[in-house]
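This report refers to the structure that appears directly beneath it.
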Amino acid sequence: MSNGHEWRQLREIFVRELMSSSSLNAGYGLRLQEVREMVREVYKQVGLPINIGEHIFLTILNVVMNMLWGDSLHGEDRKNVGVEFRQVVGEIVEMFGKPNISDLFPVLARFDLQGIKSNTKKLVSWFDRIFDTVIFHRMDVDVANKSENKESNKDFLQFLLELQNQGDSKTSLSTSQIKGLLLDIVLGGSDTTSTTLEWAMAEILKNPEIIRKVQEELDEVVGNDSIVEESHIPKLHYLNSVLKETLRLHPALPLLVPHCPSQSCMVAGYTIPEGSRIFVNVWAVQRDPEAWENLLEFQPERFLKDPGKCDYQGNNFHYLPFGSGRRVCAGISRAEKLVAYVLATLLHSFDWKLPEGVKLDLSDKFGIILKKSELLDYPLQSFTIDLLVPLNLCMRERDSDTFIMRDCDSGTLSLLGECLSFLC
Ligand code: HEM
């Protein structure tokens, strides 16, 4: 969406209704429930191979859906929508990651050689149907509540529907704007967050000293006889540095979201024509040898010394995992809390280590996304890149002798933008 009234209005609604501290606090009960459910599921699999990426993704998706329509859907309806969403989010993310020949050779666009356009249309109509179901349910709930004179909690969806019915042309929203906003939030909030968590687990597991430090901190701040609460997060300085370092080496959106200048401009002596598609290679920026010492080493300590130097708001141009400027990620406050909360819970509830003799390969591989075909068994986990971590891990319930074999996915980092600039 270009920079205009419509984008500003939708961003404002999102930030005001979902990012205010009162709304962040109000949703805590539902987050707690989902994270505890994850711990229960992981615990059930003691002794069996499990895929941590899958558990994390499911938890995050449920948290995001609760945030959007937590009070609209219940029981089986909620479960069914969740199952459908998981499938369709996975597919659409895969579709986004595919390089499209039509982008490179527009003359071929009408042939849609790879079927990207037709598949995307199918997926979008799938989303459309799911959103229709959710909206329909919400309306049903409202009618039932009205006839029984019952007050129900207002979730984000209900708030949007009220805006739609307002009739004021300046502030009212169309159904497709509502659906677009919901889609943006589901896609922008789920895969980015779960991929970051998966990378954090991988990096930590490679380095037992880091696990020890995180757990020491957790024992000190949370204690052994209680569970992690979101209120502990600001006190977990080392864990927060681990996350910053994870996002430095493995930014979930390494090329951000494509930007598009509304007028021609000059940057560092280069003319950027109006309407061009700009990929900012944050992955490379955050590995710039002029800005970072021992740049390939995972060293959370670098952020401990001066935590304010690299915030998530994009004020430091050497560190931009959430972008910068007016298009900076709109969900930073939620993402920051959620990632830290889930990671802290996983590390506080269980001990983790690699099985004897297993070496974790975390190297990023550059290439076009099609390279992934060698790894057909592995699910796609990120936006324009395929970022999959080969994990074969052992997990032990904390303070017990039971070990769990964990078999997670394998990884490739393919930077579409690198490929495009090479081809161009
Ligand atoms: C670790 C997790 C996350 C990362 C790394 C991340 C990163 C990003 C990045 C890089 C952008 C584009 C910024 C730019 O191009 O300059 C973005 C945009 C956005 N993100 Fe996030 N994000 C995360 C989590 C979330 C969550 C949890 C939500 C919502 C609940 C969210 C909502 C959004 C939205 C709505 C936008 C579009 C903003 C706009 O165009 O105005 N993100 N995010």
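Starting from 1 in every chain, residues are counted up; chains themselves are A, B, ... following the order of the structure tokens, and ligands are numbered from 1 as listed.
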
Which residues, written as a ChimeraX atom specification, have at least one atom at most 9 Å from Asn240 in chain A, with only C-alpha atoms counted and residues fewer than 5 positions away on the same chain left out?
/A:233-235,245,300,303-304,336,340

Here is a test: counting only C-alpha atoms, which residue of A:Leu362, A:Leu10, A:Val93, A:Leu295 is nearest to Gly180 in chain A?
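The shortest atom-to-atom distance to Gly180 in chain A comes from A:Leu10.
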
Mind the document's chain letters and residue numbers, and return as a ChimeraX atom specification the residues of range 186-294 of chain A that DSSP labels alpha helix (DSSP H).
/A:186-206,208-221,237-249,282-285

For CA of Phe298 in chain A and CA of Val228 in chain A, the interatomic separation in Å (one decimal)
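The value is 24.8 Å.
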
Can you pull out the residues contacting range 181-190 of chain A? Cut-off 6 Å, using only C-alpha atoms, and skip same-chain residues under 2 positions away; I want them as a list in words.
Ile60, Leu61, Ile178, Lys179, Thr192 and Thr193 of chain A

Leaving out Ala284 in chain A and any residue of its chain fewer than 5 positions from it, which residues lie within 12 Å of it when counting only C-alpha atoms, given as a PyMOL selection string?
chain A and resi 248-251+253-256+279+289-292+295-296+317-321+364+366+415+417-418

Using only C-alpha atoms, the shortest atom-to-atom distance to Glu229 in chain A among A:Gln166, A:Thr345, A:Asn80, A:Ser22 belongs to A:Thr345

Distance CA of Glu54 in chain A-atom 23 (C, counted along the ligand's line) of ligand 1, one decimal place?
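Interatomic distance here is 17.8 Å.
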